[in-house]
Amino acid sequence: MIAARHRWYVPLLFVGPILVVQCTFLFTPLVNTFVLAFTNASTVGGGRFTGLDNFTTLFADAEFWAAVGRTFLYALITVPLIVAISTSLAILVNTSLRGSAIVRSLLFSPMVMPLATVAVMFQFVLRSDGLANQLLRGLHVISDPLPFLTSSHLALISLTLVTVWRGCALATLITLAALQNVSREQDEAARIDGAGWLRRTWSVTLPQVRGTTVLVAVLTSISALRVFTEPYVMTGGGPGDATETIVLYLFEKGVAPGTQAGYASAISLVLFVFVLAAAAVTWGASRRRAA
């Protein structure tokens, strides 16, 4: 009877600490961001209610919309590449083709490296006297160093390649887990009917992991729209503002060197809407394709 009378609080002993952490570091800052978006507060405090003034200014801010365009371009490049490459690598690792053991041992190394470390590493690789230019000049492909990080045309593409290199590891792991549950009977039936490996992969294997592919696309889209570390560490948003993304623009306005906490909070809310819209569009397009 005593155990039954007190049983109601037992779940709280398990979820209570997690709820405290979530409220402290997730829900409270989220509510605070929503409140600040309607004020003219600075980063150091203060401020008064200003209604929709921040959003009115934001929607007329050409620099913000330029950052939005660059961020979506960044996502349009990285998402298809990560989905295609990770799916191909997962299929390779899941088979007994020659070379799959090497791929399996090297594939997940980017996952254990901090993103800032990856960005610094590629900064040294892609600079004018870096490994990439030295290799290309040694092979007599180029005569002058390529401005991977200092050209307004090449800088954003260079950053996308870094994101693809690191993002493929987790995406491959997710897809590989889905491939473990693919029906072997259907693959064997297709093989008996005379279908080759490529045909079986395209018509039997990939349709069975379509849901996982959609998940990878959604997660990659969200990550691409929230990209910050690569442009911040490698280019600082430059040259000029060629690699300035939404989050980097938010950082400049609200943290360093700017102190417009209210305006930065408004940017955060708009970015949140963009993330939800991108996830919904990706999911909806995939569902229509599946139907």
# chains A, B, ... in the order shown; residues from 1 in each chain; ligands from 1
>>> select_by_dssp(residues="segment 35-269 of chain A", states="helix (DSSP H, G or I)", output="ChimeraX atom specification")
/A:35-36,53-59,62-93,100-106,109-112,115-126,131-138,155-179,184-192,197-208,210-225,229-235,246-254,261-269
>>> residues_around(residues="Thr50 of chain A", least_positions_apart="4", cutoff="9 Å", atoms="only C-alpha atoms", output="PyMOL selection string")
chain A and resi 37-40+54
>>> residues_around(residues="Ala242 of chain A", least_positions_apart="6", cutoff="10 Å", atoms="only C-alpha atoms", output="VMD selection string")
chain A and resid 66 to 67 70 150 to 156 231 235 to 236
>>> residues_around(residues="Leu170 of chain A", least_positions_apart="2", cutoff="10 Å", atoms="only C-alpha atoms", output="mmCIF file with C-alpha atoms, in the first residue's frame")
data_model
loop_
_atom_site.group_PDB
_atom_site.id
_atom_site.type_symbol
_atom_site.label_atom_id
_atom_site.label_comp_id
_atom_site.auth_asym_id
_atom_site.auth_seq_id
_atom_site.Cartn_x
_atom_site.Cartn_y
_atom_site.Cartn_z
ATOM 1 C CA ILE A 82 25.544 14.759 -48.714
ATOM 2 C CA SER A 86 26.333 9.169 -48.006
ATOM 3 C CA LEU A 107 34.558 6.667 -43.112
ATOM 4 C CA PHE A 108 33.673 7.727 -39.608
ATOM 5 C CA PRO A 110 35.261 13.058 -39.304
ATOM 6 C CA MET A 111 32.627 12.296 -36.661
ATOM 7 C CA ARG A 166 32.183 16.128 -42.368
ATOM 8 C CA GLY A 167 28.429 15.714 -42.820
ATOM 9 C CA CYS A 168 28.686 12.547 -44.887
ATOM 10 C CA THR A 172 26.287 7.411 -43.904
ATOM 11 C CA LEU A 173 25.974 5.899 -40.443
ATOM 12 C CA ILE A 174 22.224 6.567 -40.399
ATOM 13 C CA THR A 175 21.742 5.126 -43.891
ATOM 14 C CA LEU A 176 23.919 2.127 -43.108
ATOM 15 C CA VAL A 216 18.951 12.523 -43.758
ATOM 16 C CA THR A 220 21.076 18.069 -43.429
#
>>> closest_residue(among="A:Ala90, A:Ile77, A:Ala264, A:Val275", to="Thr213 of chain A", atoms="only C-alpha atoms")
A:Ala90
>>> residues_around(residues="Pro80 of chain A", least_positions_apart="5", cutoff="12 Å", atoms="only C-alpha atoms", output="ChimeraX atom specification")
/A:73-75,85-87,160,164,167-168,171,213-214,216-218,220-221,224,282
>>> write_last_selection(atoms="all heavy atoms", output="short mmCIF file (atom, residue, chain, number, x, y, z; two decimals), in the first residue's frame")
data_model
loop_
_atom_site.label_atom_id
_atom_site.label_comp_id
_atom_site.auth_asym_id
_atom_site.auth_seq_id
_atom_site.Cartn_x
_atom_site.Cartn_y
_atom_site.Cartn_z
N LEU A 73 21.58 29.06 -50.83
CA LEU A 73 22.45 28.53 -51.87
C LEU A 73 23.39 27.48 -51.28
O LEU A 73 23.63 26.42 -51.88
CB LEU A 73 23.26 29.66 -52.50
CG LEU A 73 24.31 29.26 -53.55
CD1 LEU A 73 23.64 28.55 -54.73
CD2 LEU A 73 25.10 30.48 -54.03
N TYR A 74 23.90 27.78 -50.11
CA TYR A 74 24.76 26.84 -49.38
C TYR A 74 24.02 25.52 -49.15
O TYR A 74 24.56 24.43 -49.35
CB TYR A 74 25.15 27.48 -48.06
CG TYR A 74 26.16 26.75 -47.24
CD1 TYR A 74 27.51 27.04 -47.34
CD2 TYR A 74 25.78 25.79 -46.31
CE1 TYR A 74 28.45 26.39 -46.56
CE2 TYR A 74 26.70 25.13 -45.53
CZ TYR A 74 28.04 25.43 -45.66
OH TYR A 74 28.96 24.78 -44.89
N ALA A 75 22.74 25.63 -48.73
CA ALA A 75 21.95 24.42 -48.47
C ALA A 75 21.65 23.67 -49.76
O ALA A 75 21.68 22.43 -49.79
CB ALA A 75 20.65 24.81 -47.77
N ILE A 85 26.17 11.22 -51.73
CA ILE A 85 27.44 10.59 -51.36
C ILE A 85 27.27 9.64 -50.18
O ILE A 85 27.81 8.52 -50.19
CB ILE A 85 28.49 11.68 -51.03
CG1 ILE A 85 28.80 12.50 -52.27
CG2 ILE A 85 29.77 11.05 -50.48
CD1 ILE A 85 29.72 13.69 -52.02
N SER A 86 26.51 10.03 -49.18
CA SER A 86 26.33 9.17 -48.01
C SER A 86 25.58 7.90 -48.36
O SER A 86 25.90 6.81 -47.85
CB SER A 86 25.60 9.92 -46.89
OG SER A 86 24.29 10.30 -47.30
N THR A 87 24.59 8.01 -49.23
CA THR A 87 23.86 6.81 -49.66
C THR A 87 24.78 5.86 -50.43
O THR A 87 24.76 4.64 -50.20
CB THR A 87 22.66 7.20 -50.52
OG1 THR A 87 21.79 8.08 -49.79
CG2 THR A 87 21.86 5.96 -50.93
N THR A 160 31.27 24.76 -48.58
CA THR A 160 30.33 23.65 -48.77
C THR A 160 31.05 22.31 -48.84
O THR A 160 30.55 21.30 -48.32
CB THR A 160 29.50 23.85 -50.04
OG1 THR A 160 30.35 23.87 -51.19
CG2 THR A 160 28.69 25.13 -49.99
N VAL A 164 30.31 19.08 -46.55
CA VAL A 164 30.01 17.77 -47.15
C VAL A 164 30.96 16.72 -46.60
O VAL A 164 30.54 15.60 -46.26
CB VAL A 164 30.10 17.86 -48.69
CG1 VAL A 164 30.06 16.47 -49.31
CG2 VAL A 164 28.97 18.71 -49.24
N GLY A 167 29.81 16.13 -42.97
CA GLY A 167 28.43 15.71 -42.82
C GLY A 167 28.14 14.33 -43.34
O GLY A 167 27.19 13.67 -42.89
N CYS A 168 28.94 13.86 -44.30
CA CYS A 168 28.69 12.55 -44.89
C CYS A 168 28.88 11.42 -43.88
O CYS A 168 28.26 10.35 -44.02
CB CYS A 168 29.60 12.32 -46.10
SG CYS A 168 29.02 13.13 -47.60
N ALA A 171 25.58 10.99 -41.85
CA ALA A 171 24.53 10.59 -42.78
C ALA A 171 24.74 9.15 -43.27
O ALA A 171 23.78 8.38 -43.42
CB ALA A 171 24.49 11.55 -43.97
N THR A 213 16.39 8.13 -46.12
CA THR A 213 16.96 9.15 -47.00
C THR A 213 16.29 10.50 -46.78
O THR A 213 16.94 11.55 -46.76
CB THR A 213 16.82 8.72 -48.47
OG1 THR A 213 17.42 7.44 -48.66
CG2 THR A 213 17.48 9.73 -49.39
N VAL A 214 14.95 10.46 -46.59
CA VAL A 214 14.22 11.70 -46.30
C VAL A 214 14.70 12.29 -44.98
O VAL A 214 14.91 13.51 -44.85
CB VAL A 214 12.70 11.43 -46.26
CG1 VAL A 214 11.96 12.68 -45.80
CG2 VAL A 214 12.21 11.00 -47.63
N VAL A 216 17.62 11.95 -43.55
CA VAL A 216 18.95 12.52 -43.76
C VAL A 216 18.84 13.88 -44.45
O VAL A 216 19.53 14.84 -44.08
CB VAL A 216 19.82 11.56 -44.58
CG1 VAL A 216 21.11 12.25 -45.04
CG2 VAL A 216 20.15 10.31 -43.77
N ALA A 217 17.96 13.97 -45.45
CA ALA A 217 17.79 15.24 -46.17
C ALA A 217 17.25 16.33 -45.25
O ALA A 217 17.70 17.48 -45.30
CB ALA A 217 16.84 15.04 -47.36
N VAL A 218 16.30 15.99 -44.39
CA VAL A 218 15.73 16.98 -43.46
C VAL A 218 16.79 17.45 -42.45
O VAL A 218 16.96 18.64 -42.22
CB VAL A 218 14.51 16.39 -42.73
CG1 VAL A 218 14.05 17.32 -41.61
CG2 VAL A 218 13.37 16.16 -43.71
N THR A 220 20.03 17.32 -42.74
CA THR A 220 21.08 18.07 -43.43
C THR A 220 20.61 19.47 -43.79
O THR A 220 21.38 20.44 -43.71
CB THR A 220 21.52 17.31 -44.69
OG1 THR A 220 21.88 15.97 -44.35
CG2 THR A 220 22.70 17.99 -45.35
N SER A 221 19.34 19.60 -44.18
CA SER A 221 18.79 20.92 -44.51
C SER A 221 18.81 21.83 -43.29
O SER A 221 19.20 23.00 -43.37
CB SER A 221 17.36 20.78 -45.04
OG SER A 221 17.31 20.00 -46.20
N ALA A 224 22.38 22.84 -42.54
CA ALA A 224 22.91 23.79 -43.52
C ALA A 224 22.38 25.20 -43.28
O ALA A 224 23.12 26.18 -43.42
CB ALA A 224 22.58 23.32 -44.94
N THR A 282 11.09 19.75 -47.72
CA THR A 282 11.87 18.54 -48.01
C THR A 282 11.04 17.30 -47.75
O THR A 282 11.01 16.36 -48.58
CB THR A 282 13.14 18.50 -47.16
OG1 THR A 282 13.90 19.69 -47.38
CG2 THR A 282 13.99 17.29 -47.51
#
>>> residues_around(residues="Phe64 of chain A", least_positions_apart="3", cutoff="9 Å", atoms="only C-alpha atoms", output="PDB file with all heavy atoms, in the first residue's frame")
ATOM      1  N   LEU A  58      13.913  44.398 -40.117  1.00  0.00           N
ATOM      2  CA  LEU A  58      14.553  43.199 -40.653  1.00  0.00           C
ATOM      3  C   LEU A  58      14.098  42.905 -42.071  1.00  0.00           C
ATOM      4  O   LEU A  58      14.924  42.595 -42.948  1.00  0.00           O
ATOM      5  CB  LEU A  58      14.239  42.001 -39.746  1.00  0.00           C
ATOM      6  CG  LEU A  58      14.863  40.656 -40.128  1.00  0.00           C
ATOM      7  CD1 LEU A  58      16.378  40.740 -40.080  1.00  0.00           C
ATOM      8  CD2 LEU A  58      14.364  39.563 -39.200  1.00  0.00           C
ATOM      9  N   PHE A  59      12.806  43.008 -42.331  1.00  0.00           N
ATOM     10  CA  PHE A  59      12.297  42.688 -43.665  1.00  0.00           C
ATOM     11  C   PHE A  59      12.746  43.708 -44.708  1.00  0.00           C
ATOM     12  O   PHE A  59      12.697  43.421 -45.912  1.00  0.00           O
ATOM     13  CB  PHE A  59      10.772  42.601 -43.633  1.00  0.00           C
ATOM     14  CG  PHE A  59      10.266  41.432 -42.833  1.00  0.00           C
ATOM     15  CD1 PHE A  59       9.095  41.537 -42.093  1.00  0.00           C
ATOM     16  CD2 PHE A  59      10.957  40.236 -42.816  1.00  0.00           C
ATOM     17  CE1 PHE A  59       8.636  40.458 -41.350  1.00  0.00           C
ATOM     18  CE2 PHE A  59      10.506  39.155 -42.076  1.00  0.00           C
ATOM     19  CZ  PHE A  59       9.339  39.257 -41.344  1.00  0.00           C
ATOM     20  N   ALA A  60      13.198  44.878 -44.254  1.00  0.00           N
ATOM     21  CA  ALA A  60      13.721  45.890 -45.176  1.00  0.00           C
ATOM     22  C   ALA A  60      15.243  45.902 -45.212  1.00  0.00           C
ATOM     23  O   ALA A  60      15.842  46.737 -45.892  1.00  0.00           O
ATOM     24  CB  ALA A  60      13.204  47.273 -44.786  1.00  0.00           C
ATOM     25  N   ASP A  61      15.865  44.966 -44.511  1.00  0.00           N
ATOM     26  CA  ASP A  61      17.326  44.918 -44.400  1.00  0.00           C
ATOM     27  C   ASP A  61      17.909  44.134 -45.573  1.00  0.00           C
ATOM     28  O   ASP A  61      17.817  42.897 -45.623  1.00  0.00           O
ATOM     29  CB  ASP A  61      17.714  44.263 -43.076  1.00  0.00           C
ATOM     30  CG  ASP A  61      19.204  44.361 -42.784  1.00  0.00           C
ATOM     31  OD1 ASP A  61      19.976  44.682 -43.703  1.00  0.00           O
ATOM     32  OD2 ASP A  61      19.598  44.112 -41.620  1.00  0.00           O
ATOM     33  N   ALA A  67      22.246  37.609 -46.898  1.00  0.00           N
ATOM     34  CA  ALA A  67      22.702  36.472 -46.099  1.00  0.00           C
ATOM     35  C   ALA A  67      21.757  35.286 -46.251  1.00  0.00           C
ATOM     36  O   ALA A  67      22.188  34.127 -46.288  1.00  0.00           O
ATOM     37  CB  ALA A  67      22.828  36.878 -44.637  1.00  0.00           C
ATOM     38  N   VAL A  68      20.457  35.563 -46.331  1.00  0.00           N
ATOM     39  CA  VAL A  68      19.474  34.493 -46.543  1.00  0.00           C
ATOM     40  C   VAL A  68      19.725  33.804 -47.884  1.00  0.00           C
ATOM     41  O   VAL A  68      19.718  32.563 -47.967  1.00  0.00           O
ATOM     42  CB  VAL A  68      18.040  35.065 -46.499  1.00  0.00           C
ATOM     43  CG1 VAL A  68      17.025  34.019 -46.956  1.00  0.00           C
ATOM     44  CG2 VAL A  68      17.699  35.541 -45.092  1.00  0.00           C
ATOM     45  N   GLY A  69      19.961  34.589 -48.919  1.00  0.00           N
ATOM     46  CA  GLY A  69      20.226  34.002 -50.229  1.00  0.00           C
ATOM     47  C   GLY A  69      21.467  33.127 -50.232  1.00  0.00           C
ATOM     48  O   GLY A  69      21.470  32.024 -50.793  1.00  0.00           O
ATOM     49  N   THR A 245      26.553  34.052 -43.532  1.00  0.00           N
ATOM     50  CA  THR A 245      25.306  33.307 -43.454  1.00  0.00           C
ATOM     51  C   THR A 245      24.359  33.972 -42.453  1.00  0.00           C
ATOM     52  O   THR A 245      24.721  34.951 -41.788  1.00  0.00           O
ATOM     53  CB  THR A 245      25.577  31.860 -43.024  1.00  0.00           C
ATOM     54  OG1 THR A 245      26.189  31.863 -41.717  1.00  0.00           O
ATOM     55  CG2 THR A 245      26.502  31.161 -44.011  1.00  0.00           C
ATOM     56  N   ILE A 246      23.159  33.413 -42.339  1.00  0.00           N
ATOM     57  CA  ILE A 246      22.165  34.002 -41.439  1.00  0.00           C
ATOM     58  C   ILE A 246      22.657  34.000 -40.002  1.00  0.00           C
ATOM     59  O   ILE A 246      22.569  35.005 -39.294  1.00  0.00           O
ATOM     60  CB  ILE A 246      20.828  33.230 -41.543  1.00  0.00           C
ATOM     61  CG1 ILE A 246      20.262  33.311 -42.964  1.00  0.00           C
ATOM     62  CG2 ILE A 246      19.822  33.788 -40.548  1.00  0.00           C
ATOM     63  CD1 ILE A 246      18.996  32.492 -43.152  1.00  0.00           C
ATOM     64  N   TYR A 249      25.443  36.477 -39.477  1.00  0.00           N
ATOM     65  CA  TYR A 249      24.889  37.829 -39.436  1.00  0.00           C
ATOM     66  C   TYR A 249      24.220  38.085 -38.086  1.00  0.00           C
ATOM     67  O   TYR A 249      24.373  39.163 -37.486  1.00  0.00           O
ATOM     68  CB  TYR A 249      23.884  37.996 -40.573  1.00  0.00           C
ATOM     69  CG  TYR A 249      23.285  39.374 -40.684  1.00  0.00           C
ATOM     70  CD1 TYR A 249      24.071  40.463 -41.038  1.00  0.00           C
ATOM     71  CD2 TYR A 249      21.931  39.587 -40.440  1.00  0.00           C
ATOM     72  CE1 TYR A 249      23.521  41.738 -41.148  1.00  0.00           C
ATOM     73  CE2 TYR A 249      21.375  40.856 -40.546  1.00  0.00           C
ATOM     74  CZ  TYR A 249      22.178  41.922 -40.898  1.00  0.00           C
ATOM     75  OH  TYR A 249      21.637  43.185 -41.007  1.00  0.00           O
ATOM     76  N   LEU A 250      23.506  37.080 -37.573  1.00  0.00           N
ATOM     77  CA  LEU A 250      22.885  37.180 -36.255  1.00  0.00           C
ATOM     78  C   LEU A 250      23.948  37.399 -35.181  1.00  0.00           C
ATOM     79  O   LEU A 250      23.786  38.238 -34.287  1.00  0.00           O
ATOM     80  CB  LEU A 250      22.087  35.902 -35.982  1.00  0.00           C
ATOM     81  CG  LEU A 250      21.284  35.741 -34.700  1.00  0.00           C
ATOM     82  CD1 LEU A 250      20.197  34.697 -34.917  1.00  0.00           C
ATOM     83  CD2 LEU A 250      22.136  35.314 -33.510  1.00  0.00           C
ATOM     84  N   ILE A 267      15.927  38.020 -35.694  1.00  0.00           N
ATOM     85  CA  ILE A 267      16.566  37.198 -36.722  1.00  0.00           C
ATOM     86  C   ILE A 267      16.449  35.715 -36.361  1.00  0.00           C
ATOM     87  O   ILE A 267      16.193  34.869 -37.227  1.00  0.00           O
ATOM     88  CB  ILE A 267      18.035  37.602 -36.891  1.00  0.00           C
ATOM     89  CG1 ILE A 267      18.147  39.047 -37.360  1.00  0.00           C
ATOM     90  CG2 ILE A 267      18.740  36.681 -37.888  1.00  0.00           C
ATOM     91  CD1 ILE A 267      19.581  39.558 -37.431  1.00  0.00           C
TER      92      ILE A 267
END
>>> closest_residue(among="A:Val281, A:Val120, A:Val83, A:Leu271", to="Thr212 of chain A", atoms="only C-alpha atoms")
A:Val83
>>> select_by_dssp(residues="segment 33-179 of chain A", states="strand (DSSP E or B)", output="VMD selection string")
chain A and resid 39 42 45 49
>>> write_last_selection(atoms="N, CA and C atoms", output="compact mmCIF listing (two decimals), in the first residue's frame")
# COMPACT_ATOMS: atom_id res chain seq x y z
N THR A 39 11.52 43.82 -28.39
CA THR A 39 12.07 44.93 -27.61
C THR A 39 13.29 45.49 -28.34
N SER A 42 19.55 45.64 -25.55
CA SER A 42 20.93 45.45 -25.98
C SER A 42 21.46 44.17 -25.36
N GLY A 45 21.71 44.19 -21.59
CA GLY A 45 20.50 44.32 -20.79
C GLY A 45 19.70 45.55 -21.15
N PHE A 49 9.63 47.63 -24.78
CA PHE A 49 8.78 47.00 -25.79
C PHE A 49 8.63 47.92 -27.00
